[in-house]
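Asks: Supplied structure: data05.cif, mmCIF, C-alpha atoms and all ligand atoms.
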```
data_start
#
loop_
_atom_site.label_atom_id
_atom_site.label_comp_id
_atom_site.auth_asym_id
_atom_site.auth_seq_id
_atom_site.Cartn_x
_atom_site.Cartn_y
_atom_site.Cartn_z
CA MET A 1317 11.80 -18.18 43.38
CA MET A 1318 13.26 -17.59 39.95
CA VAL A 1319 15.92 -19.94 38.72
CA LEU A 1320 18.53 -18.83 36.25
CA GLN A 1321 18.47 -22.00 34.19
CA GLU A 1322 14.70 -21.80 33.77
CA ILE A 1323 14.92 -18.22 32.56
CA ILE A 1324 17.57 -19.16 30.04
CA ASN A 1325 15.67 -22.23 28.82
CA ASN A 1326 12.57 -20.16 28.43
CA TYR A 1327 14.52 -17.46 26.56
CA ARG A 1328 16.02 -20.05 24.23
CA ALA A 1329 12.54 -21.36 23.48
CA THR A 1330 10.75 -18.03 23.01
CA GLY A 1331 13.37 -15.28 22.50
CA GLU A 1332 11.52 -13.30 25.17
CA LEU A 1333 12.30 -12.05 28.67
CA SER A 1334 9.79 -10.49 31.07
CA HIS A 1335 10.55 -7.36 33.07
CA GLU A 1336 10.89 -9.52 36.16
CA GLU A 1337 13.34 -11.85 34.41
CA ILE A 1338 15.43 -8.92 33.17
CA VAL A 1339 15.62 -7.56 36.73
CA PHE A 1340 16.75 -10.99 37.89
CA LEU A 1341 19.47 -11.18 35.22
CA LEU A 1342 20.74 -7.66 35.98
CA GLY A 1343 20.91 -8.63 39.66
CA LEU A 1344 23.21 -11.61 39.06
CA GLU A 1345 26.47 -11.27 40.96
CA LYS A 1346 28.13 -14.68 41.13
CA PRO A 1347 31.01 -14.58 38.63
CA ASP A 1348 30.03 -17.89 36.98
CA GLU A 1349 26.42 -16.79 36.54
CA VAL A 1350 27.38 -13.37 35.17
CA GLY A 1351 29.91 -15.10 32.90
CA GLY A 1352 27.15 -17.40 31.66
CA LEU A 1353 24.90 -14.44 30.82
CA LEU A 1354 27.66 -12.62 28.90
CA ALA A 1355 28.59 -15.82 27.06
CA LEU A 1356 24.96 -16.36 26.03
CA ALA A 1357 24.84 -12.81 24.62
CA ASN A 1358 28.05 -13.50 22.71
CA GLU A 1359 26.48 -16.68 21.29
CA VAL A 1360 23.34 -14.80 20.23
CA ARG A 1361 25.47 -12.10 18.57
CA GLU A 1362 27.42 -14.75 16.65
CA LYS A 1363 24.27 -16.57 15.56
CA HIS A 1364 22.48 -13.49 14.23
CA LEU A 1365 25.31 -11.23 13.09
CA GLY A 1366 28.30 -13.51 12.66
CA PRO A 1367 31.90 -12.47 13.26
CA ASP A 1368 31.64 -9.02 11.60
CA VAL A 1369 32.65 -5.99 13.65
CA HIS A 1370 31.76 -2.62 12.14
CA LEU A 1371 34.17 0.27 12.61
CA ARG A 1372 32.64 3.74 12.69
CA GLY A 1373 34.69 6.92 12.60
CA ILE A 1374 33.35 9.71 14.79
CA ILE A 1375 34.19 13.38 14.30
CA GLU A 1376 33.24 15.57 17.26
CA PHE A 1377 33.15 18.86 15.39
CA SER A 1378 31.99 21.32 18.06
CA ASN A 1379 31.85 21.34 21.85
CA HIS A 1380 29.56 24.38 22.07
CA CYS A 1381 26.22 23.50 23.59
CA VAL A 1382 23.09 25.40 24.56
CA ARG A 1383 21.89 22.66 26.91
CA ARG A 1384 22.49 22.14 30.60
CA CYS A 1385 22.44 18.34 30.93
CA VAL A 1386 23.70 17.95 34.48
CA TYR A 1387 26.03 15.00 33.80
CA CYS A 1388 27.78 16.40 30.74
CA GLY A 1389 31.03 18.35 30.76
CA LEU A 1390 29.94 20.29 27.64
CA CYS A 1391 26.91 21.73 29.46
CA TYR A 1392 26.30 25.42 28.95
CA GLY A 1393 27.16 26.36 32.53
CA ASN A 1394 30.70 24.96 32.38
CA ARG A 1395 32.84 28.06 31.96
CA GLU A 1396 36.10 26.27 32.60
CA LEU A 1397 35.95 24.52 29.25
CA LYS A 1398 37.68 26.04 26.24
CA ARG A 1399 35.21 25.85 23.37
CA TYR A 1400 36.01 24.99 19.75
CA ARG A 1401 34.28 24.72 16.41
CA MET A 1402 35.74 22.94 13.42
CA HIS A 1403 35.45 24.80 10.14
CA PRO A 1404 33.34 22.91 7.56
CA HIS A 1405 36.46 22.45 5.40
CA GLU A 1406 38.30 20.96 8.33
CA ILE A 1407 35.40 18.59 9.01
CA LEU A 1408 35.36 17.48 5.39
CA ASP A 1409 39.16 17.08 5.27
CA THR A 1410 38.95 14.88 8.36
CA ALA A 1411 36.12 12.86 6.81
CA ALA A 1412 38.00 12.47 3.53
CA GLY A 1413 41.06 11.17 5.39
CA ALA A 1414 38.88 8.66 7.20
CA VAL A 1415 37.23 7.43 4.01
CA GLU A 1416 40.66 7.03 2.47
CA MET A 1417 41.68 4.92 5.47
CA GLY A 1418 38.74 2.63 4.78
CA PHE A 1419 36.04 3.90 7.13
CA ARG A 1420 32.60 3.28 5.62
CA THR A 1421 30.62 5.26 8.19
CA ILE A 1422 31.30 8.77 9.41
CA VAL A 1423 29.51 9.87 12.56
CA LEU A 1424 29.19 13.63 12.94
CA GLN A 1425 28.59 14.58 16.57
CA SER A 1426 28.51 17.86 18.48
CA GLY A 1427 26.86 19.69 21.33
CA GLU A 1428 23.66 21.46 20.41
CA ASP A 1429 25.39 24.24 18.53
CA PHE A 1430 23.15 26.39 16.35
CA HIS A 1431 26.14 28.19 14.85
CA TYR A 1432 26.00 25.52 12.14
CA THR A 1433 22.79 26.23 10.26
CA ASN A 1434 20.55 23.48 8.91
CA ASP A 1435 21.93 24.21 5.46
CA MET A 1436 25.53 23.92 6.63
CA ILE A 1437 24.86 20.50 8.15
CA ALA A 1438 22.98 19.43 5.01
CA TYR A 1439 25.98 20.54 2.96
CA LEU A 1440 28.34 18.48 5.14
CA VAL A 1441 26.08 15.42 4.89
CA ALA A 1442 25.88 15.63 1.10
CA ALA A 1443 29.65 16.12 0.80
CA VAL A 1444 30.50 13.12 3.01
CA LYS A 1445 27.94 10.97 1.16
CA LYS A 1446 29.66 11.92 -2.08
CA MET A 1447 32.91 10.52 -0.69
CA GLY A 1448 31.17 7.15 -0.57
CA ALA A 1449 30.59 6.86 3.19
CA ALA A 1450 27.38 6.36 5.14
CA VAL A 1451 26.56 9.26 7.46
CA THR A 1452 25.32 9.12 11.03
CA LEU A 1453 24.32 12.38 12.70
CA SER A 1454 24.31 12.85 16.47
CA LEU A 1455 23.39 16.47 17.06
CA GLY A 1456 20.77 16.22 19.80
CA ASP A 1457 17.23 17.55 19.86
CA ARG A 1458 16.70 19.72 16.81
CA PRO A 1459 13.65 21.18 15.04
CA GLN A 1460 11.84 18.71 12.84
CA ALA A 1461 12.60 20.82 9.78
CA ALA A 1462 16.30 20.22 10.43
CA TYR A 1463 15.88 16.44 10.65
CA THR A 1464 13.88 16.55 7.42
CA SER A 1465 16.44 18.55 5.47
CA TRP A 1466 19.37 16.40 6.66
CA LYS A 1467 17.55 13.24 5.62
CA ALA A 1468 16.89 14.80 2.22
CA ALA A 1469 20.63 15.60 1.98
CA GLY A 1470 21.37 11.88 2.37
CA ALA A 1471 21.92 11.22 6.08
CA ASP A 1472 21.49 7.50 6.79
CA ARG A 1473 21.26 7.30 10.55
CA TYR A 1474 20.63 9.43 13.64
CA LEU A 1475 21.91 8.74 17.12
CA LEU A 1476 19.88 10.28 19.93
CA LYS A 1477 20.14 8.49 23.24
CA PHE A 1478 17.12 8.61 25.56
CA GLU A 1479 19.71 8.27 28.39
CA THR A 1480 17.13 6.96 30.91
CA SER A 1481 13.55 5.73 30.57
CA ASP A 1482 12.70 7.12 34.02
CA THR A 1483 10.61 10.25 33.41
CA LEU A 1484 11.52 11.90 36.72
CA LEU A 1485 15.21 11.11 36.48
CA TYR A 1486 15.24 12.36 32.88
CA ARG A 1487 13.78 15.65 34.04
CA GLN A 1488 16.32 15.99 36.84
CA LEU A 1489 19.18 15.36 34.43
CA HIS A 1490 17.82 17.60 31.65
CA PRO A 1491 16.27 20.66 33.30
CA GLU A 1492 15.00 22.15 30.05
CA SER A 1493 13.59 19.04 28.47
CA THR A 1494 11.42 15.99 28.92
CA LEU A 1495 11.63 12.33 28.07
CA ALA A 1496 8.40 12.73 26.10
CA ARG A 1497 10.07 15.25 23.81
CA ARG A 1498 13.08 12.99 23.30
CA LEU A 1499 10.80 10.07 22.43
CA LYS A 1500 8.77 12.24 20.07
CA ASN A 1501 11.95 13.15 18.23
CA LEU A 1502 12.96 9.49 18.04
CA THR A 1503 9.59 8.60 16.51
CA TYR A 1504 9.90 11.46 14.10
CA LEU A 1505 13.39 10.39 13.03
CA ARG A 1506 12.16 6.84 12.52
CA ASP A 1507 9.21 8.05 10.42
CA LEU A 1508 11.56 10.10 8.25
CA GLY A 1509 13.39 6.89 7.38
CA TYR A 1510 16.56 7.30 9.43
CA GLN A 1511 18.11 4.15 10.81
CA LEU A 1512 17.54 4.81 14.47
CA GLY A 1513 20.17 4.83 17.20
CA SER A 1514 19.44 5.51 20.84
CA GLY A 1515 20.48 4.07 24.18
CA ASN A 1516 21.14 4.85 27.82
CA MET A 1517 23.69 5.45 30.52
CA VAL A 1518 24.24 2.88 33.24
CA GLY A 1519 24.82 3.77 36.88
CA LEU A 1520 23.23 7.22 36.92
CA PRO A 1521 22.62 8.56 40.44
CA GLY A 1522 19.15 7.43 41.50
CA GLN A 1523 18.86 4.81 38.76
CA THR A 1524 17.69 1.37 39.89
CA ILE A 1525 17.87 -2.08 38.33
CA THR A 1526 14.12 -1.85 37.72
CA SER A 1527 14.71 1.35 35.80
CA LEU A 1528 17.51 -0.27 33.76
CA ALA A 1529 15.14 -3.12 32.90
CA ASN A 1530 12.68 -0.49 31.64
CA ASP A 1531 15.48 1.04 29.54
CA ILE A 1532 16.08 -2.31 27.87
CA LEU A 1533 12.38 -2.82 27.20
CA LEU A 1534 12.18 0.70 25.75
CA MET A 1535 15.07 -0.08 23.39
CA LYS A 1536 13.09 -3.10 22.26
CA GLU A 1537 9.86 -1.16 21.92
CA LEU A 1538 11.64 1.39 19.73
CA SER A 1539 13.09 -1.55 17.74
CA LEU A 1540 16.36 0.32 17.54
CA ASP A 1541 18.80 -0.29 14.72
CA MET A 1542 21.60 0.75 17.05
CA ALA A 1543 21.83 1.09 20.81
CA GLY A 1544 24.66 2.79 22.68
CA ILE A 1545 24.99 1.58 26.26
CA GLY A 1546 27.70 3.17 28.37
CA PRO A 1547 28.52 3.70 32.03
CA PHE A 1548 27.82 7.11 33.57
CA LEU A 1549 31.13 8.81 34.39
CA PRO A 1550 31.01 11.80 36.78
CA HIS A 1551 32.53 14.98 35.41
CA PRO A 1552 34.06 17.19 38.13
CA ALA A 1553 32.82 20.43 36.54
CA THR A 1554 29.17 19.30 36.70
CA PRO A 1555 26.68 19.11 39.58
CA LEU A 1556 27.13 15.31 39.53
CA GLY A 1557 30.92 15.59 39.90
CA LYS A 1558 30.99 13.77 43.21
CA ALA A 1559 28.54 11.01 42.27
CA ARG A 1560 29.65 7.41 41.90
CA ALA A 1561 30.49 6.14 38.40
CA GLY A 1562 28.60 3.33 36.70
CA THR A 1563 30.49 0.05 36.76
CA MET A 1564 31.80 -2.03 33.94
CA GLU A 1565 30.06 -5.10 35.41
CA MET A 1566 26.58 -3.57 35.35
CA THR A 1567 27.15 -2.03 31.92
CA LEU A 1568 28.13 -5.44 30.55
CA LYS A 1569 25.02 -7.06 32.03
CA VAL A 1570 22.79 -4.39 30.47
CA LEU A 1571 24.58 -4.82 27.14
CA ALA A 1572 24.21 -8.60 27.29
CA VAL A 1573 20.49 -8.57 28.13
CA THR A 1574 19.92 -6.01 25.38
CA ARG A 1575 21.63 -8.35 22.93
CA LEU A 1576 19.30 -11.17 24.03
CA LEU A 1577 16.21 -9.07 23.30
CA LEU A 1578 17.54 -7.25 20.22
CA PRO A 1579 19.50 -9.98 18.44
CA ARG A 1580 20.18 -7.97 15.28
CA THR A 1581 20.65 -4.47 16.61
CA HIS A 1582 24.07 -2.88 16.24
CA LEU A 1583 25.56 -2.58 19.72
CA PRO A 1584 28.82 -0.68 20.11
CA ALA A 1585 31.41 -1.51 22.74
CA THR A 1586 31.34 2.17 23.71
CA THR A 1587 34.18 4.59 24.33
CA ALA A 1588 32.74 5.15 27.82
CA LEU A 1589 33.09 1.41 28.48
CA GLY A 1590 36.72 1.63 27.34
CA SER A 1591 37.19 4.61 29.66
CA VAL A 1592 35.86 2.99 32.82
CA GLN A 1593 38.28 0.08 32.47
CA GLU A 1594 41.13 -0.52 30.06
CA ASP A 1595 39.83 -3.80 28.68
CA GLY A 1596 36.24 -2.49 28.66
CA ARG A 1597 35.77 -2.59 24.92
CA ARG A 1598 37.18 -6.07 24.58
CA ALA A 1599 34.79 -7.20 27.31
CA GLY A 1600 31.93 -5.45 25.48
CA LEU A 1601 32.73 -7.25 22.24
CA LEU A 1602 32.53 -10.51 24.19
CA ALA A 1603 29.19 -9.60 25.78
CA GLY A 1604 27.10 -8.97 22.67
CA ALA A 1605 28.66 -5.88 21.06
CA ASN A 1606 29.49 -5.84 17.34
CA VAL A 1607 30.54 -2.23 16.68
CA LEU A 1608 33.53 -0.04 17.58
CA MET A 1609 33.39 3.73 17.27
CA LEU A 1610 36.82 5.24 16.77
CA ASN A 1611 37.54 8.86 17.54
CA LEU A 1612 38.76 10.72 14.46
CA THR A 1613 38.46 14.21 15.93
CA PRO A 1614 41.74 16.06 15.27
CA VAL A 1615 43.95 15.51 18.31
CA LYS A 1616 44.19 19.25 19.09
CA TYR A 1617 40.44 19.35 19.82
CA ARG A 1618 39.98 15.92 21.28
CA ALA A 1619 40.57 16.68 24.96
CA LEU A 1620 38.13 19.59 24.63
CA TYR A 1621 35.22 17.30 23.71
CA ASP A 1622 35.15 16.67 27.40
CA ILE A 1623 31.75 15.04 28.01
CA TYR A 1624 33.26 12.91 30.77
CA PRO A 1625 36.78 12.70 32.22
CA ALA A 1626 39.56 10.28 31.25
CA LYS A 1627 38.05 9.50 27.87
CA ALA A 1628 39.75 6.63 26.09
CA GLU A 1629 41.51 7.42 22.80
CA ALA A 1630 42.56 10.87 24.03
CA THR A 1631 45.68 11.25 21.92
CA SER A 1632 46.11 8.40 19.41
CA LYS A 1633 46.07 9.24 15.71
CA PRO A 1634 43.27 7.73 13.58
CA GLN A 1635 45.61 5.30 11.82
CA GLN A 1636 46.87 4.00 15.15
CA LEU A 1637 43.33 3.67 16.55
CA LYS A 1638 42.28 1.72 13.49
CA GLU A 1639 45.26 -0.62 13.77
CA GLU A 1640 44.56 -1.20 17.46
CA ALA A 1641 40.90 -1.93 16.71
CA GLU A 1642 41.84 -4.33 13.91
CA LYS A 1643 44.27 -6.10 16.21
CA LEU A 1644 41.62 -6.45 18.91
CA VAL A 1645 39.06 -7.80 16.44
CA ASP A 1646 41.64 -10.21 15.08
CA GLU A 1647 42.63 -11.46 18.53
CA LEU A 1648 39.00 -12.26 19.22
CA GLY A 1649 38.84 -14.36 16.07
CA ARG A 1650 36.37 -11.91 14.54
CA ARG A 1651 36.71 -9.81 11.38
CA VAL A 1652 36.38 -6.16 10.46
CA SER A 1653 33.39 -5.76 8.18
CA SER A 1654 34.04 -4.31 4.75
CA GLY A 1655 30.40 -3.23 4.35
CA TYR A 1656 28.53 -0.14 5.48
CA GLY A 1657 27.02 -1.90 8.45
CA HIS A 1658 23.53 -0.56 7.80
CA ALA A 1659 20.63 -1.76 9.88
CA VAL A 1660 20.50 -5.50 9.41
CA LYS A 1661 16.83 -5.70 8.58
CA ILE A 1662 17.37 -3.12 5.84
CA GLU A 1663 20.46 -4.78 4.39
CA TYR A 1664 18.72 -8.13 4.15
CA GLN A 1665 15.59 -6.83 2.43
N1 LIG B 1 24.41 16.56 21.89
C1 LIG B 1 24.27 15.21 21.42
C2 LIG B 1 25.48 14.38 21.72
C3 LIG B 1 25.69 14.18 23.20
S1 LIG B 1 27.20 13.45 23.70
C4 LIG B 1 23.00 14.62 21.97
O1 LIG B 1 22.36 15.24 22.82
O2 LIG B 1 22.61 13.55 21.54
C5 LIG B 1 26.90 11.76 23.39
C6 LIG B 1 26.56 10.91 24.59
O3 LIG B 1 27.53 11.01 25.58
C7 LIG B 1 25.28 11.25 25.30
O4 LIG B 1 24.17 10.75 24.62
C8 LIG B 1 25.48 10.61 26.66
O5 LIG B 1 24.89 9.31 26.71
C9 LIG B 1 27.00 10.48 26.76
N2 LIG B 1 27.49 11.22 27.93
C10 LIG B 1 27.46 12.54 28.17
N3 LIG B 1 27.97 12.82 29.38
C11 LIG B 1 28.32 11.65 29.94
C12 LIG B 1 28.88 11.27 31.19
N4 LIG B 1 29.20 12.17 32.13
N5 LIG B 1 29.12 9.95 31.40
C13 LIG B 1 28.82 9.04 30.47
N6 LIG B 1 28.28 9.34 29.28
C14 LIG B 1 28.03 10.62 29.01
#
```
The structure in this file should be written as C-alpha cells.

Replies:
Amino acid sequence: MMVLQEIINNYRATGELSHEEIVFLLGLEKPDEVGGLLALANEVREKHLGPDVHLRGIIEFSNHCVRRCVYCGLCYGNRELKRYRMHPHEILDTAAGAVEMGFRTIVLQSGEDFHYTNDMIAYLVAAVKKMGAAVTLSLGDRPQAAYTSWKAAGADRYLLKFETSDTLLYRQLHPESTLARRLKNLTYLRDLGYQLGSGNMVGLPGQTITSLANDILLMKELSLDMAGIGPFLPHPATPLGKARAGTMEMTLKVLAVTRLLLPRTHLPATTALGSVQEDGRRAGLLAGANVLMLNLTPVKYRALYDIYPAKAEATSKPQQLKEEAEKLVDELGRRVSSGYGHAVKIEYQ
C-alpha cells in the first residue's frame, strides 16, 4: 500500500513522481492530506520562482470559429451566439491601453477565424511588439506557414492546450481533429522557437484520474513553459450542456501535482478556476500558480466570448481588474512582477 509520507519524501529526494504516485495524489480526499499536497506545491513554487506573480492581459478579439469542439460555446454549430470581430485598430487601441496600464504581456486569443489573414495577424503582432509588450498568441490549430510568419513578426509565445491526453476522448470532443495533430502542432511551435503553452481541462465527461495523471506526464514530456489547467464547465448550448462540471478540488490537485513535476513552468490560476468558485484564483495561487490572466476584451464584447457560462470578470473594466489582482497578490504577501515573465529557463540563460 502506498503511503503519502513516503511519496513526499521520495519526491523531495528525487523531484520525481511515478504515474502510480500521481494517481495516488490525485485520489487524496482527506482535507489535511489535500491541504498538505497544495502547501507542498506552494513551497515548490516559492523555492523556484519566488514571490513574483505575472499579470497577462488577454484580448479575445473574435468569437467566430470554424471548429465544432463539443464543450465550447463558440463552436460552429451554436447559432444562438451573436458573433463579433474586433477591427485591427480596435485590437491595437485595446493593447496600447493595456501597455500604458503596465501590462508587459498581451495575449491575443480568438476562435479559429480565418477572416484575419496570416498577414493581418503578423501585422498585429509586430505592432504590439513595437509598443514594448511581449506577445502570446492563442489562435488554435493553424497552418504551419501561419505559425512561421507570426514568429517572424515577433510573437514570443503560443498557447495551444491539448485539453486531454486521452486519444479517444480527444476525438470525441473534437470531431474534426486528432490529438496527434495537436501534438504535432505543439512540436512545430516549439521547434520554431515559441515559448510553449499548453494544458488541459479537468473533470471532462469520461475523464479518469488515470487519464489526468497522463495529462500531467504529457505536460512534463513537452517541458512546457506555461500550462493552463482549468475545470471543464458545461455550456448549455453544447452537446455537453447537461454534463457535470469539473470541481475546484480536483483542479487544484492537478495544478499542485503539475507544480511538483514542473517547478519552473508558468502556471496561471485560470479564469475558469475563478468561475467555478469565487475564491478559485486565490486558491490556485496558493496551490502552485504564479500567473494571473486578466480579461481586457472591451466590455461590450466580453459576454459574447462565451466559451463557458458564468465566466469570471464579465463586466469589470481593465483598471479595476488590475487593481483587484494587485490587491489579491498583495494580500498573499506576494508581488506583481515588473518583468515580461518569459520562460524561466530562457530568462536565466
Ligand atoms: N481557439 C483557441 C482558443 C480556445 S478557447 C484554441 O483552440 O486554442 C481557450 C480555452 O478555453 C481552450 O483551450 C479550453 O481549454 C477552454 N475551454 C473551452 N471551452 C471550455 C469549457 N466549456 N469549460 C472549460 N474550459 C473551456

Asks: Mind checking which residues fall within 9 Å of Glu1337 (chain A), counting all atoms listed in the file, ignoring those fewer than 3 positions away in the same chain, and posting them as a compact mmCIF listing (two decimals) with C-alpha atoms, in the coordinates of the input?

Replies:
```
# COMPACT_ATOMS: atom_id res chain seq x y z
CA MET A 1318 13.26 -17.59 39.95
CA LEU A 1320 18.53 -18.83 36.25
CA ILE A 1323 14.92 -18.22 32.56
CA LEU A 1333 12.30 -12.05 28.67
CA SER A 1334 9.79 -10.49 31.07
CA PHE A 1340 16.75 -10.99 37.89
CA LEU A 1341 19.47 -11.18 35.22
CA LEU A 1342 20.74 -7.66 35.98
```

Asks: Given the point (40.8, 15.7, 26.7) in the coordinates of this file, which residues lie within 12 Å, counting only C-alpha atoms, and how would they look as a PDB file with C-alpha atoms, in the frame of the given file?

Replies:
```pdb
ATOM      1  CA  ASN A1379      31.850  21.340  21.850  1.00  0.00           C
ATOM      2  CA  GLY A1389      31.030  18.350  30.760  1.00  0.00           C
ATOM      3  CA  LEU A1390      29.940  20.290  27.640  1.00  0.00           C
ATOM      4  CA  LEU A1397      35.950  24.520  29.250  1.00  0.00           C
ATOM      5  CA  LYS A1398      37.680  26.040  26.240  1.00  0.00           C
ATOM      6  CA  ASN A1611      37.540   8.860  17.540  1.00  0.00           C
ATOM      7  CA  THR A1613      38.460  14.210  15.930  1.00  0.00           C
ATOM      8  CA  PRO A1614      41.740  16.060  15.270  1.00  0.00           C
ATOM      9  CA  VAL A1615      43.950  15.510  18.310  1.00  0.00           C
ATOM     10  CA  LYS A1616      44.190  19.250  19.090  1.00  0.00           C
ATOM     11  CA  TYR A1617      40.440  19.350  19.820  1.00  0.00           C
ATOM     12  CA  ARG A1618      39.980  15.920  21.280  1.00  0.00           C
ATOM     13  CA  ALA A1619      40.570  16.680  24.960  1.00  0.00           C
ATOM     14  CA  LEU A1620      38.130  19.590  24.630  1.00  0.00           C
ATOM     15  CA  TYR A1621      35.220  17.300  23.710  1.00  0.00           C
ATOM     16  CA  ASP A1622      35.150  16.670  27.400  1.00  0.00           C
ATOM     17  CA  ILE A1623      31.750  15.040  28.010  1.00  0.00           C
ATOM     18  CA  TYR A1624      33.260  12.910  30.770  1.00  0.00           C
ATOM     19  CA  PRO A1625      36.780  12.700  32.220  1.00  0.00           C
ATOM     20  CA  ALA A1626      39.560  10.280  31.250  1.00  0.00           C
ATOM     21  CA  LYS A1627      38.050   9.500  27.870  1.00  0.00           C
ATOM     22  CA  ALA A1628      39.750   6.630  26.090  1.00  0.00           C
ATOM     23  CA  GLU A1629      41.510   7.420  22.800  1.00  0.00           C
ATOM     24  CA  ALA A1630      42.560  10.870  24.030  1.00  0.00           C
ATOM     25  CA  THR A1631      45.680  11.250  21.920  1.00  0.00           C
ATOM     26  CA  SER A1632      46.110   8.400  19.410  1.00  0.00           C
TER      27      SER A1632
END
```

Asks: Enumerate, in order of chain and increasing residue number, the residues of chain A with an atom no farther than 7 Å from ligand LIG 1 (chain B), each with its shortest atom pair and distance in Å to one decimal, counting all atoms listed in the file, as JSON lines.

Replies:
```
{"residue": "A:Tyr1387", "atom": "CA", "partner": "B:LIG1", "partner_atom": "N4", "distance": 4.6}
{"residue": "A:Cys1388", "atom": "CA", "partner": "B:LIG1", "partner_atom": "N3", "distance": 3.8}
{"residue": "A:Gly1389", "atom": "CA", "partner": "B:LIG1", "partner_atom": "N3", "distance": 6.5}
{"residue": "A:Gln1425", "atom": "CA", "partner": "B:LIG1", "partner_atom": "C2", "distance": 6.0}
{"residue": "A:Ser1426", "atom": "CA", "partner": "B:LIG1", "partner_atom": "N1", "distance": 5.5}
{"residue": "A:Gly1427", "atom": "CA", "partner": "B:LIG1", "partner_atom": "N1", "distance": 4.0}
{"residue": "A:Glu1428", "atom": "CA", "partner": "B:LIG1", "partner_atom": "N1", "distance": 5.2}
{"residue": "A:Ser1454", "atom": "CA", "partner": "B:LIG1", "partner_atom": "O2", "distance": 5.4}
{"residue": "A:Leu1455", "atom": "CA", "partner": "B:LIG1", "partner_atom": "C1", "distance": 4.6}
{"residue": "A:Gly1456", "atom": "CA", "partner": "B:LIG1", "partner_atom": "C4", "distance": 3.5}
{"residue": "A:Asp1457", "atom": "CA", "partner": "B:LIG1", "partner_atom": "O1", "distance": 6.4}
{"residue": "A:Leu1475", "atom": "CA", "partner": "B:LIG1", "partner_atom": "O2", "distance": 6.6}
{"residue": "A:Leu1476", "atom": "CA", "partner": "B:LIG1", "partner_atom": "O2", "distance": 4.6}
{"residue": "A:Lys1477", "atom": "CA", "partner": "B:LIG1", "partner_atom": "O4", "distance": 4.8}
{"residue": "A:Glu1479", "atom": "CA", "partner": "B:LIG1", "partner_atom": "O5", "distance": 5.5}
{"residue": "A:Asn1516", "atom": "CA", "partner": "B:LIG1", "partner_atom": "O5", "distance": 5.9}
{"residue": "A:Met1517", "atom": "CA", "partner": "B:LIG1", "partner_atom": "O5", "distance": 5.6}
{"residue": "A:Gly1546", "atom": "CA", "partner": "B:LIG1", "partner_atom": "N6", "distance": 6.3}
{"residue": "A:Pro1547", "atom": "CA", "partner": "B:LIG1", "partner_atom": "C13", "distance": 5.6}
{"residue": "A:Phe1548", "atom": "CA", "partner": "B:LIG1", "partner_atom": "C13", "distance": 3.8}
{"residue": "A:Leu1549", "atom": "CA", "partner": "B:LIG1", "partner_atom": "N5", "distance": 3.8}
{"residue": "A:Pro1550", "atom": "CA", "partner": "B:LIG1", "partner_atom": "N4", "distance": 5.0}
{"residue": "A:His1551", "atom": "CA", "partner": "B:LIG1", "partner_atom": "N4", "distance": 5.5}
{"residue": "A:Ala1588", "atom": "CA", "partner": "B:LIG1", "partner_atom": "C13", "distance": 6.1}
{"residue": "A:Ile1623", "atom": "CA", "partner": "B:LIG1", "partner_atom": "N3", "distance": 4.6}
{"residue": "A:Tyr1624", "atom": "CA", "partner": "B:LIG1", "partner_atom": "N4", "distance": 4.3}
```

Asks: Within 8 Å of Leu1424 (chain A), counting all atoms listed in the file, which residues qualify if same-chain residues fewer than 3 places away don't, as a list in words?

Replies: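 Final neighbour list, sorted by chain and number: Ile1374, Ile1375, Glu1376, Phe1377, Val1451, Thr1452, Leu1453, Ser1454 and Leu1455 of chain A.
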
Asks: Which polymer residues have any atom within 12 Å of an atom of Leu1602 (chain A), counting all atoms listed in the file, with same-chain residues fewer than 4 positions away left out, as an MDAnalysis selection string?

Replies: chainID A and resid 1351:1362 1367 1369 1568:1569 1571:1572 1575 1583:1585 1595:1598 1606:1607 1644:1645 1647:1650

Asks: Please compute the CA of Ala1450 (chain A)-CA of Leu1612 (chain A) distance, one decimal, in Å.

Replies: 15.3 Å

Asks: With distances taken over only C-alpha atoms, which residue among A:Ala1529, A:Leu1365, A:Ala1605, A:Ala1449 lies nearest Phe1419 (chain A)?

Replies: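 Distance minimum relative to Phe1419 (chain A) lands on A:Ala1449.
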